[in-house]
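Next up, input35.cif (mmCIF, C-alpha atoms):
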```cif
data_work
loop_
_atom_site.label_atom_id
_atom_site.label_comp_id
_atom_site.auth_asym_id
_atom_site.auth_seq_id
_atom_site.Cartn_x
_atom_site.Cartn_y
_atom_site.Cartn_z
CA MET A 21 -25.99 -12.92 21.02
CA LYS A 22 -24.64 -16.48 20.90
CA LYS A 23 -25.84 -16.78 17.31
CA ALA A 24 -23.61 -13.88 16.36
CA ILE A 25 -20.45 -15.68 17.49
CA PRO A 26 -20.24 -18.19 14.60
CA ILE A 27 -21.03 -15.39 12.16
CA LEU A 28 -18.20 -13.36 13.65
CA PHE A 29 -15.83 -16.31 13.33
CA LEU A 30 -16.95 -16.80 9.73
CA ALA A 31 -16.29 -13.13 8.97
CA LEU A 32 -12.83 -13.36 10.53
CA ALA A 33 -12.10 -16.52 8.54
CA PHE A 34 -13.04 -14.74 5.34
CA ILE A 35 -10.86 -11.73 6.13
CA ALA A 36 -7.95 -14.09 6.78
CA CYS A 37 -8.37 -15.41 3.26
CA GLN A 38 -6.93 -12.29 1.64
CA LYS A 39 -4.12 -13.12 -0.74
CA ASN A 40 -1.11 -11.08 0.31
CA PRO A 41 0.74 -9.14 -2.39
CA ASP A 42 4.02 -10.60 -3.57
CA PHE A 43 6.46 -8.24 -1.91
CA ASN A 44 9.38 -9.93 -3.65
CA GLU A 45 8.41 -7.92 -6.68
CA LEU A 46 9.16 -4.77 -4.71
CA SER A 47 12.45 -5.70 -3.14
CA SER A 48 14.64 -4.54 -6.00
CA ASP A 49 13.69 -0.92 -6.10
CA LEU A 50 13.80 2.30 -4.16
CA ILE A 51 11.23 4.45 -2.50
CA VAL A 52 12.08 8.14 -2.58
CA TYR A 53 9.94 10.80 -0.96
CA THR A 54 10.52 14.54 -1.26
CA ASN A 55 8.72 17.57 0.10
CA TYR A 56 9.54 21.26 0.12
CA ASP A 57 8.51 24.60 1.52
CA LYS A 58 6.42 26.25 -1.17
CA SER A 59 7.39 29.68 0.12
CA ALA A 60 11.11 28.96 -0.25
CA THR A 61 12.88 30.99 -2.91
CA PHE A 62 15.30 28.40 -4.25
CA GLY A 63 16.27 30.66 -7.10
CA GLU A 64 17.60 33.37 -4.79
CA TYR A 65 20.06 31.12 -3.02
CA GLN A 66 23.48 30.93 -4.56
CA THR A 67 25.82 29.14 -2.18
CA TYR A 68 25.60 26.00 -0.10
CA ALA A 69 27.61 24.06 2.44
CA ILE A 70 27.56 20.36 3.13
CA PRO A 71 29.25 18.53 6.02
CA ASP A 72 31.97 16.08 5.08
CA SER A 73 30.38 13.45 7.31
CA ILE A 74 27.06 11.67 7.64
CA LEU A 75 25.22 11.51 10.91
CA ILE A 76 24.30 7.98 11.97
CA LEU A 77 21.04 7.62 13.83
CA ASP A 78 21.23 4.61 16.07
CA ASP A 79 20.66 3.58 19.66
CA LYS A 80 24.02 4.77 20.96
CA GLU A 81 24.15 7.44 23.60
CA LYS A 82 26.54 9.66 21.69
CA PRO A 83 26.24 10.73 18.07
CA SER A 84 28.44 8.98 15.54
CA TYR A 85 29.25 9.72 11.94
CA TYR A 86 30.49 8.17 8.75
CA ALA A 87 33.76 10.06 8.43
CA ALA A 88 34.93 12.06 5.44
CA ASP A 89 37.13 9.23 4.14
CA ASP A 90 34.39 6.61 4.41
CA PRO A 91 33.45 5.34 0.92
CA ARG A 92 29.76 5.85 1.73
CA THR A 93 30.31 9.46 2.69
CA ILE A 94 32.46 10.11 -0.36
CA ALA A 95 29.83 8.66 -2.73
CA ILE A 96 26.87 10.40 -1.12
CA VAL A 97 28.52 13.83 -0.84
CA ARG A 98 29.84 13.55 -4.38
CA ALA A 99 26.36 12.79 -5.73
CA ILE A 100 24.79 15.70 -3.87
CA ASN A 101 27.56 18.07 -4.94
CA SER A 102 27.12 16.98 -8.52
CA GLU A 103 23.41 17.74 -8.46
CA MET A 104 23.77 21.04 -6.63
CA LYS A 105 26.48 22.32 -8.96
CA THR A 106 24.52 21.23 -12.02
CA ARG A 107 21.66 23.33 -10.71
CA GLY A 108 23.81 26.41 -10.39
CA TYR A 109 24.77 26.46 -6.72
CA ILE A 110 28.29 27.18 -5.52
CA GLU A 111 29.80 25.16 -2.71
CA VAL A 112 31.52 27.07 0.08
CA ASP A 113 33.63 25.68 2.90
CA ASN A 114 32.53 28.12 5.56
CA ASN A 115 29.01 27.56 6.83
CA ALA A 116 28.68 31.24 7.66
CA ASP A 117 29.09 32.09 3.97
CA ALA A 118 26.42 29.65 2.78
CA ASP A 119 22.86 30.53 1.91
CA ILE A 120 21.74 26.98 2.40
CA GLY A 121 23.06 23.94 4.23
CA ILE A 122 22.60 20.28 3.44
CA GLN A 123 22.55 17.75 6.25
CA VAL A 124 22.57 14.03 5.61
CA SER A 125 21.54 11.37 8.11
CA TYR A 126 21.46 7.61 7.90
CA VAL A 127 19.00 5.66 10.01
CA LYS A 128 21.17 2.70 10.86
CA ASP A 129 19.89 1.00 13.90
CA THR A 130 16.76 2.57 15.22
CA ASN A 131 13.23 3.44 14.29
CA THR A 132 13.43 7.17 14.64
CA ILE A 133 10.29 9.19 14.68
CA ILE A 134 10.12 12.59 13.15
CA SER A 135 6.85 14.32 13.65
CA TYR A 136 6.05 17.89 12.95
CA ALA A 137 2.76 19.65 12.48
CA SER A 138 1.26 22.85 13.80
CA THR A 139 -0.44 20.91 16.58
CA ASN A 140 2.51 18.64 17.31
CA PRO A 141 5.69 20.69 17.08
CA TYR A 142 8.30 18.07 17.83
CA TRP A 143 11.02 16.76 15.62
CA TRP A 144 13.35 13.86 16.08
CA TYR A 145 11.46 12.97 19.17
CA GLY A 146 13.59 10.80 21.41
CA TYR A 147 16.82 11.60 19.61
CA ASP A 148 18.81 14.44 21.11
CA TYR A 149 21.73 14.49 18.72
CA TYR A 150 20.05 15.33 15.47
CA TRP A 151 21.94 18.01 13.53
CA PRO A 152 22.09 20.88 16.07
CA GLY A 153 21.86 24.54 15.12
CA SER A 154 25.30 25.00 16.58
CA TYR A 155 26.76 22.89 13.79
CA TRP A 156 25.84 25.55 11.30
CA ASN A 157 26.74 28.47 13.52
CA PRO A 158 28.68 28.20 16.79
CA TYR A 159 26.42 30.84 18.31
CA TRP A 160 23.23 28.97 17.45
CA TYR A 161 23.24 26.74 20.49
CA GLY A 162 19.68 25.65 21.21
CA TRP A 163 18.48 26.51 17.72
CA GLY A 164 16.41 23.94 15.90
CA PRO A 165 14.85 23.22 12.55
CA SER A 166 11.50 24.55 11.47
CA TYR A 167 9.37 22.68 8.95
CA ALA A 168 6.86 24.48 6.78
CA TYR A 169 5.13 21.25 5.90
CA PRO A 170 3.70 18.63 8.23
CA ILE A 171 5.74 15.50 8.66
CA SER A 172 4.85 12.39 10.52
CA TYR A 173 6.84 9.29 9.79
CA THR A 174 8.55 6.43 11.38
CA TYR A 175 11.85 6.21 9.59
CA THR A 176 12.82 2.60 9.28
CA ILE A 177 16.21 1.00 9.59
CA GLY A 178 18.33 1.49 6.52
CA SER A 179 16.99 4.76 5.20
CA LEU A 180 18.72 7.98 4.22
CA ILE A 181 17.45 11.47 4.96
CA ILE A 182 18.69 14.61 3.24
CA GLU A 183 17.52 17.99 4.45
CA MET A 184 18.18 21.40 2.97
CA ILE A 185 18.07 24.24 5.46
CA ALA A 186 17.93 27.96 4.69
CA ILE A 187 20.81 29.33 6.76
CA GLU A 188 20.24 32.73 5.26
CA ASP A 189 16.68 32.80 6.56
CA ALA A 190 17.38 31.57 10.11
CA ASN A 191 15.18 33.47 12.55
CA PRO A 192 17.08 34.91 15.55
CA THR A 193 13.87 35.65 17.42
CA THR A 194 12.41 32.17 17.28
CA LYS A 195 15.82 30.47 16.99
CA LYS A 196 14.49 28.41 14.12
CA ILE A 197 16.27 27.39 10.94
CA PRO A 198 13.78 26.76 8.10
CA VAL A 199 13.97 23.35 6.49
CA ILE A 200 13.08 24.04 2.88
CA TRP A 201 13.51 20.57 1.37
CA THR A 202 13.43 17.02 2.67
CA ALA A 203 14.33 13.86 0.83
CA TYR A 204 13.80 10.44 2.33
CA MET A 205 14.79 7.22 0.71
CA ALA A 206 14.45 3.57 1.70
CA GLY A 207 15.33 0.35 -0.01
CA ILE A 208 19.03 1.17 -0.03
CA LEU A 209 20.12 -1.89 1.93
CA SER A 210 21.52 -5.10 0.60
CA SER A 211 22.61 -7.82 3.02
CA ASN A 212 21.85 -5.37 5.83
CA GLN A 213 24.52 -2.97 4.57
CA MET A 214 24.09 0.33 2.80
CA ASN A 215 24.30 -0.31 -0.92
CA ILE A 216 26.21 2.66 -2.28
CA ASN A 217 25.01 2.33 -5.87
CA ARG A 218 21.39 2.14 -4.80
CA THR A 219 21.85 5.06 -2.41
CA VAL A 220 23.38 7.23 -5.10
CA SER A 221 20.54 6.29 -7.46
CA GLY A 222 18.11 7.41 -4.76
CA ILE A 223 19.87 10.76 -4.42
CA TYR A 224 19.71 11.36 -8.16
CA GLN A 225 16.03 10.40 -8.14
CA ALA A 226 15.33 12.80 -5.24
CA PHE A 227 16.78 15.70 -7.21
CA GLU A 228 15.15 14.58 -10.44
CA GLN A 229 11.70 14.81 -8.89
CA SER A 230 12.60 18.21 -7.35
CA SER A 231 13.05 20.37 -10.41
CA TYR A 232 12.34 23.52 -8.36
CA ILE A 233 15.81 23.25 -6.81
CA ARG A 234 17.69 25.54 -9.13
CA SER A 235 19.68 28.67 -8.48
CA GLY A 236 18.66 31.81 -10.34
CA VAL A 237 15.28 30.43 -11.38
CA GLU A 238 11.90 31.08 -9.78
CA MET B 13 0.61 -22.11 -1.34
CA LYS B 14 -1.40 -22.13 1.88
CA SER B 15 -4.44 -20.79 0.07
CA ILE B 16 -4.18 -23.49 -2.59
CA ARG B 17 -4.02 -26.16 0.12
CA ILE B 18 -7.09 -24.78 1.88
CA LEU B 19 -8.91 -24.56 -1.43
CA ALA B 20 -8.04 -28.15 -2.30
CA ILE B 21 -9.19 -29.46 1.10
CA ALA B 22 -12.42 -27.47 0.89
CA LEU B 23 -13.21 -28.77 -2.59
CA LEU B 24 -12.36 -32.34 -1.61
CA ALA B 25 -14.59 -32.10 1.45
CA CYS B 26 -17.41 -30.75 -0.65
CA ILE B 27 -17.13 -33.66 -3.06
CA VAL B 28 -16.83 -36.39 -0.45
CA LEU B 29 -19.09 -35.20 2.37
CA PRO B 30 -22.33 -34.86 0.44
CA GLY B 31 -22.13 -38.49 -0.64
CA THR B 32 -21.53 -39.75 2.87
CA LEU B 33 -24.21 -37.58 4.46
CA SER B 34 -26.74 -38.21 1.71
CA ALA B 35 -27.79 -35.06 0.00
CA GLN B 36 -31.21 -36.59 -0.55
CA LEU B 37 -31.92 -35.89 3.10
CA TYR B 38 -32.13 -32.23 2.15
CA LYS B 39 -33.66 -32.58 -1.25
CA SER B 40 -35.13 -29.12 -1.32
CA THR B 41 -31.85 -27.47 -0.37
CA TYR B 42 -28.71 -26.89 -2.36
CA PHE B 43 -25.19 -25.68 -1.71
CA ASN B 44 -22.49 -24.37 -4.03
CA VAL B 45 -18.83 -24.18 -3.14
CA ASP B 46 -16.75 -22.64 -5.89
CA TRP B 47 -13.35 -21.48 -6.91
CA GLN B 48 -13.71 -17.97 -8.27
CA PHE B 49 -11.98 -16.07 -11.06
CA ASN B 50 -12.59 -12.33 -10.88
CA GLY B 51 -11.53 -9.14 -12.62
CA ILE B 52 -12.18 -5.53 -11.67
CA VAL B 53 -13.53 -3.52 -14.60
CA GLY B 54 -13.97 0.19 -15.16
CA ASN B 55 -11.02 1.12 -12.96
CA ASP B 56 -7.26 0.96 -13.44
CA PHE B 57 -6.55 0.10 -9.82
CA ALA B 58 -5.64 -3.56 -9.19
CA ASN B 59 -7.42 -4.51 -12.39
CA THR B 60 -5.39 -7.66 -13.03
CA PRO B 61 -7.79 -10.62 -13.05
CA SER B 62 -7.02 -13.37 -10.60
CA GLY B 63 -8.26 -16.68 -9.24
CA TRP B 64 -7.68 -15.85 -5.59
CA GLY B 65 -11.20 -16.23 -4.34
CA MET B 66 -14.03 -18.53 -3.38
CA ASN B 67 -17.79 -18.43 -3.46
CA PHE B 68 -20.21 -20.05 -1.05
CA GLU B 69 -23.94 -20.11 -1.34
CA GLY B 70 -26.82 -22.18 -0.14
CA GLY B 71 -30.56 -22.03 -0.54
CA ARG B 72 -33.87 -23.75 -0.21
CA TYR B 73 -36.36 -24.26 -2.99
CA VAL B 74 -39.64 -22.68 -1.98
CA THR B 75 -41.21 -23.86 -5.22
CA SER B 76 -39.95 -26.46 -7.67
CA LYS B 77 -37.96 -23.78 -9.53
CA ILE B 78 -37.45 -20.86 -7.16
CA ALA B 79 -34.99 -20.89 -4.28
CA VAL B 80 -34.06 -18.33 -1.67
CA GLY B 81 -30.80 -18.42 0.24
CA LEU B 82 -27.62 -16.78 1.36
CA TYR B 83 -24.30 -16.11 -0.32
CA ALA B 84 -20.82 -15.02 0.68
CA SER B 85 -17.59 -14.87 -1.24
CA PHE B 86 -14.13 -13.39 -0.99
CA HIS B 87 -11.66 -12.31 -3.60
CA THR B 88 -8.29 -10.59 -3.94
CA ASN B 89 -6.96 -8.80 -6.99
CA ASN B 90 -3.34 -7.65 -6.97
CA LYS B 91 -1.40 -5.67 -9.55
CA TYR B 92 2.26 -4.71 -9.66
CA VAL B 93 2.90 -1.16 -10.86
CA GLU B 94 6.32 -0.13 -12.16
CA PRO B 95 8.22 2.67 -10.37
CA GLN B 96 6.80 6.11 -10.99
CA VAL B 97 6.70 9.54 -9.37
CA LEU B 98 3.40 10.23 -7.65
CA GLU B 99 2.48 13.83 -6.85
CA LEU B 100 0.97 13.40 -3.41
CA SER B 101 0.45 17.14 -2.96
CA PRO B 102 1.64 20.27 -4.77
CA SER B 103 4.89 20.09 -2.77
CA SER B 104 5.42 16.39 -2.07
CA HIS B 105 6.40 13.64 -4.46
CA LEU B 106 6.89 9.95 -3.99
CA TYR B 107 8.92 7.71 -6.27
CA THR B 108 8.02 4.12 -5.75
CA ASP B 109 6.86 0.94 -7.31
CA GLN B 110 3.82 -0.57 -5.68
CA VAL B 111 1.53 -3.52 -5.44
CA GLN B 112 -2.07 -2.46 -5.65
CA SER B 113 -4.58 -4.73 -3.99
CA VAL B 114 -8.35 -4.91 -3.64
CA PHE B 115 -9.88 -7.45 -1.29
CA GLN B 116 -13.65 -7.91 -1.38
CA ILE B 117 -16.16 -9.82 0.72
CA PRO B 118 -19.70 -9.55 -0.62
CA PHE B 119 -22.46 -11.37 1.26
CA GLY B 120 -26.22 -11.29 1.56
CA ALA B 121 -29.42 -12.91 0.32
CA LEU B 122 -30.20 -14.47 -3.04
CA LEU B 123 -33.10 -15.41 -5.20
CA LYS B 124 -32.51 -18.25 -7.68
CA TYR B 125 -34.59 -19.51 -10.58
CA ARG B 126 -33.77 -22.74 -12.35
CA PHE B 127 -35.29 -23.29 -15.75
CA VAL B 128 -35.64 -27.06 -15.38
CA GLU B 129 -35.77 -29.27 -12.33
CA ASP B 130 -34.37 -32.69 -11.48
CA SER B 131 -32.42 -32.76 -14.71
CA MET B 132 -28.80 -33.49 -15.51
CA PHE B 133 -28.41 -29.93 -16.75
CA GLU B 134 -30.06 -27.20 -14.73
CA PRO B 135 -29.47 -23.74 -16.13
CA TYR B 136 -30.37 -20.96 -13.75
CA VAL B 137 -30.32 -17.26 -13.06
CA THR B 138 -29.63 -15.79 -9.64
CA ALA B 139 -30.00 -12.32 -8.21
CA LYS B 140 -27.85 -11.62 -5.17
CA MET B 141 -28.18 -8.58 -2.98
CA GLY B 142 -26.44 -7.59 0.23
CA ALA B 143 -23.45 -5.77 1.67
CA MET B 144 -19.79 -5.72 0.77
CA TYR B 145 -16.63 -5.10 2.74
CA SER B 146 -13.66 -3.95 0.67
CA ARG B 147 -10.05 -3.14 1.42
CA MET B 148 -8.14 -1.08 -1.13
CA SER B 149 -4.41 -0.87 -0.55
CA SER B 150 -1.15 0.17 -2.13
CA SER B 151 1.99 -1.41 -0.72
CA SER B 152 5.54 -0.33 -1.29
CA GLN B 153 8.71 -1.45 0.41
CA VAL B 154 8.23 0.34 3.69
CA VAL B 155 4.72 1.65 3.78
CA GLU B 156 1.19 0.56 3.04
CA PHE B 157 -1.64 2.94 2.29
CA TYR B 158 -5.09 1.45 2.63
CA ASP B 159 -8.76 2.25 2.89
CA GLU B 160 -11.49 -0.04 4.23
CA GLU B 161 -15.08 0.60 3.20
CA TRP B 162 -18.54 -0.94 3.28
CA GLY B 163 -21.14 -0.70 0.56
CA PHE B 164 -24.30 -2.09 -0.95
CA ASN B 165 -23.81 -5.07 -3.26
CA VAL B 166 -25.82 -6.52 -6.16
CA GLN B 167 -24.75 -9.49 -8.24
CA PRO B 168 -26.72 -11.01 -11.12
CA GLU B 169 -25.49 -14.42 -12.18
CA VAL B 170 -26.25 -17.00 -14.84
CA GLY B 171 -24.96 -20.53 -14.85
CA VAL B 172 -25.64 -24.19 -14.98
CA SER B 173 -25.50 -27.07 -12.53
CA ILE B 174 -24.46 -30.35 -14.08
CA PHE B 175 -25.29 -33.65 -12.39
CA PRO B 176 -24.26 -37.24 -13.25
CA SER B 177 -27.94 -38.19 -13.44
CA SER B 178 -31.30 -36.77 -12.57
CA SER B 179 -31.28 -38.66 -9.29
CA ASN B 180 -27.69 -37.97 -8.16
CA ARG B 181 -27.67 -34.39 -6.96
CA THR B 182 -23.94 -33.99 -6.39
CA GLY B 183 -22.47 -32.29 -9.40
CA ILE B 184 -20.52 -29.46 -10.94
CA HIS B 185 -21.49 -25.84 -10.89
CA ILE B 186 -20.46 -23.16 -13.38
CA GLY B 187 -21.62 -19.58 -13.13
CA ILE B 188 -20.80 -16.22 -14.71
CA TYR B 189 -21.52 -13.07 -12.77
CA TYR B 190 -21.39 -9.34 -12.74
CA ASN B 191 -20.83 -7.77 -9.34
CA TYR B 192 -21.42 -4.14 -8.43
CA SER B 193 -21.06 -2.49 -5.05
CA THR B 194 -21.29 1.11 -3.93
CA ASN B 195 -18.01 1.11 -1.98
CA GLN B 196 -16.14 4.38 -2.36
CA SER B 197 -12.45 4.16 -1.53
CA GLN B 198 -9.44 6.42 -1.75
CA CYS B 199 -5.85 5.29 -1.53
CA LEU B 200 -2.79 7.38 -2.37
CA LEU B 201 -3.88 9.19 -5.55
CA TYR B 202 -6.42 6.58 -6.57
CA ASN B 203 -10.16 6.76 -6.16
CA MET B 204 -12.78 4.09 -6.63
CA ASN B 205 -16.33 5.33 -6.86
CA GLY B 206 -18.08 2.00 -6.80
CA LEU B 207 -16.61 -1.39 -7.62
CA ASN B 208 -17.46 -3.32 -10.77
CA ASN B 209 -16.42 -6.93 -11.21
CA ILE B 210 -16.90 -9.61 -13.81
CA GLY B 211 -15.99 -13.20 -13.15
CA PHE B 212 -16.95 -16.82 -13.07
CA ASN B 213 -17.34 -19.57 -10.50
CA LEU B 214 -16.40 -23.19 -10.93
CA GLY B 215 -17.07 -25.69 -8.20
CA VAL B 216 -19.30 -28.33 -6.77
CA THR B 217 -23.02 -28.32 -6.06
CA PHE B 218 -24.92 -30.67 -3.81
#
```
Please, can you express the file's structure as structure tokens?
Amino acid sequence: MKKAIPILFLALAFIACQKNPDFNELSSDLIVYTNYDKSATFGEYQTYAIPDSILILDDKEKPSYYAADDPRTIAIVRAINSEMKTRGYIEVDNNADADIGIQVSYVKDTNTIISYASTNPYWWYGYDYYWPGSYWNPYWYGWGPSYAYPISYTYTIGSLIIEMIAIEDANPTTKKIPVIWTAYMAGILSSNQMNINRTVSGIYQAFEQSSYIRSGVE
Amino acid sequence: MKSIRILAIALLACIVLPGTLSAQLYKSTYFNVDWQFNGIVGNDFANTPSGWGMNFEGGRYVTSKIAVGLYASFHTNNKYVEPQVLELSPSSHLYTDQVQSVFQIPFGALLKYRFVEDSMFEPYVTAKMGAMYSRMSSSSQVVEFYDEEWGFNVQPEVGVSIFPSSSNRTGIHIGIYYNYSTNQSQCLLYNMNGLNNIGFNLGVTF
């Protein structure tokens, strides 16, 4: 047994010799992940609603938002509106009139875990103020999102999350609102602040790699 | 930078120590300590050649020309890949640039045959056989995907040991090798069904 100890140390020394990748090469670009519900009928939806504020996920006890007049909100909402209208959707002011809703969240100051799978049905674990069902309908108190695809991530500080929910297909029995599309992007920080240009580029990239989002097309 | 410093110290020690300890004390034994240049072939993943590796081997001559011994080496190959959209599943897509990396540690037993003995130039052939640990990874800004595997390793090698004289057995070693292992790895969308490497070693022998 004692003879194995130097061999073990030698093995550990060798493993420590791995040359780490040069992550500086990666620092200038985005990572954008998208996923969608394959049963969603994007072509049948015609109208959408989007809040004029962005939810900030941080360690504060109460939810906070980037307000409608915040330059970050203006740029992000404008980019999403541009993509949605290009794809044939019509924006409506009243959530009740919308087929789909788009909620945007910025992970500012916390590592927030979202985890959803058939065996682990929790979302935004540890964060009580994620977009509530009552935002989309005052009578939907206690309603929550429902993901058709498994998700298990730790969202890191400085990332943006866009979710598309099917208001039209909300289930009154289960009190679930289907989430039909998720976009997650990181690498949008510069000097620990949200870089608007990079964020907008990420939004355009999210839609570009989601060609199925188009009204009137199946 | 740290790796270069370690490499320099190791090479210096290998040049100085044999002289002070008298290699003649172990006349029937030999050791090679080499810097290694390696490229992965037959696969697009991390196939940028690099010099981030070392080779160690030692053996004992059981006849005047045949030696048996042990070998171990390590090597890293990294490759930057421009941003692209990866289809992770029919519904999920990932846009990212990435650094692909393969780290390998083959080790085992060797059989060496030198064509001439006690000469200034000793050409040789070596057959190495053993196991290999490998770590295949793809790193992006916020996430790393990786797969660690073990496999069977074979490595034929030809080379030459060059000595200042037939009596001074501290010299230079140059070898060219082909390295194959059965490691099967999967990382993101990439698969490696066996690892093929070609490279060379340059170092000291004593």
Rank nothing, just name the residue among B:Val128, B:Met66, B:Met144, B:Met204 nearest to Trp47 in chain B, using all atoms listed in the file.
B:Met66
Could you list the residues chosen by the PyMOL selection byres ((chain A and resi 227-238) around 12) in this structure as JSON, numbers by chain?
{"A": [52, 53, 54, 55, 56, 57, 58, 59, 60, 61, 62, 63, 64, 65, 66, 67, 68, 99, 100, 101, 102, 103, 104, 105, 106, 107, 108, 109, 110, 119, 120, 182, 183, 184, 200, 201, 202, 203, 204, 205, 220, 221, 222, 223, 224, 225, 226], "B": [96, 97, 98, 99, 102, 103, 104, 105, 106, 107, 108]}
Tell me which protein, DNA and RNA residues are within 10 Å of Gly142 in chain B, counting all atoms listed in the file, leaving out same-chain ones fewer than 3 positions away, and put them as a PyMOL selection string.
chain B and resi 82-84+118-122+163-167+193
Taking the file as shown, find all residues satisfying the PyMOL selection byres ((chain B and resi 68-81) around 12) and write them as a ChimeraX atom specification.
/A:30,34 /B:22-23,26,38-48,65-67,82-87,117-131,134-142,185,213-218
Ranking A:Ile197, A:Ile94, A:Ile177, A:Leu77 by minimum distance to chain B and counting all atoms listed in the file, which one comes first?
A:Ile177
What does the distance between CA of Asp72 in chain A and CA of Asp90 in chain A come to in Å, to one decimal place?
9.8 Å
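Here CA of Gln213 in chain A and CA of Tyr126 in chain A stand 11.5 Å from one another.
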Which polymer residues, whether protein, DNA or RNA, lie within 12 Å of the coordinate (-4.8, 4.7, 4.3) when you count only C-alpha atoms? List them as an MDAnalysis selection string, using the chain letters and numbers from the file.
chainID B and resid 147:151 155:161 197:203
With the file shown as input, list the residues that the PyMOL selection byres ((chain A and resi 188) around 8) selects, as a list in words.
Ala118, Asp119, Ile120, Ala186, Ile187, Asp189 and Ala190 of chain A
So, with only C-alpha atoms as the atoms that count, which of B:Ser177, B:Gln110, B:Val170, B:Thr182 lies closest to Val154 in chain B?
B:Gln110
For Asn209 in chain B, which residue out of B:Met132, B:Ala143, B:Ile188, B:Val172 is the nearest one, using all atoms listed in the file?
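Ranking B:Met132, B:Ala143, B:Ile188, B:Val172 by distance to Asn209 in chain B, first place goes to B:Ile188.
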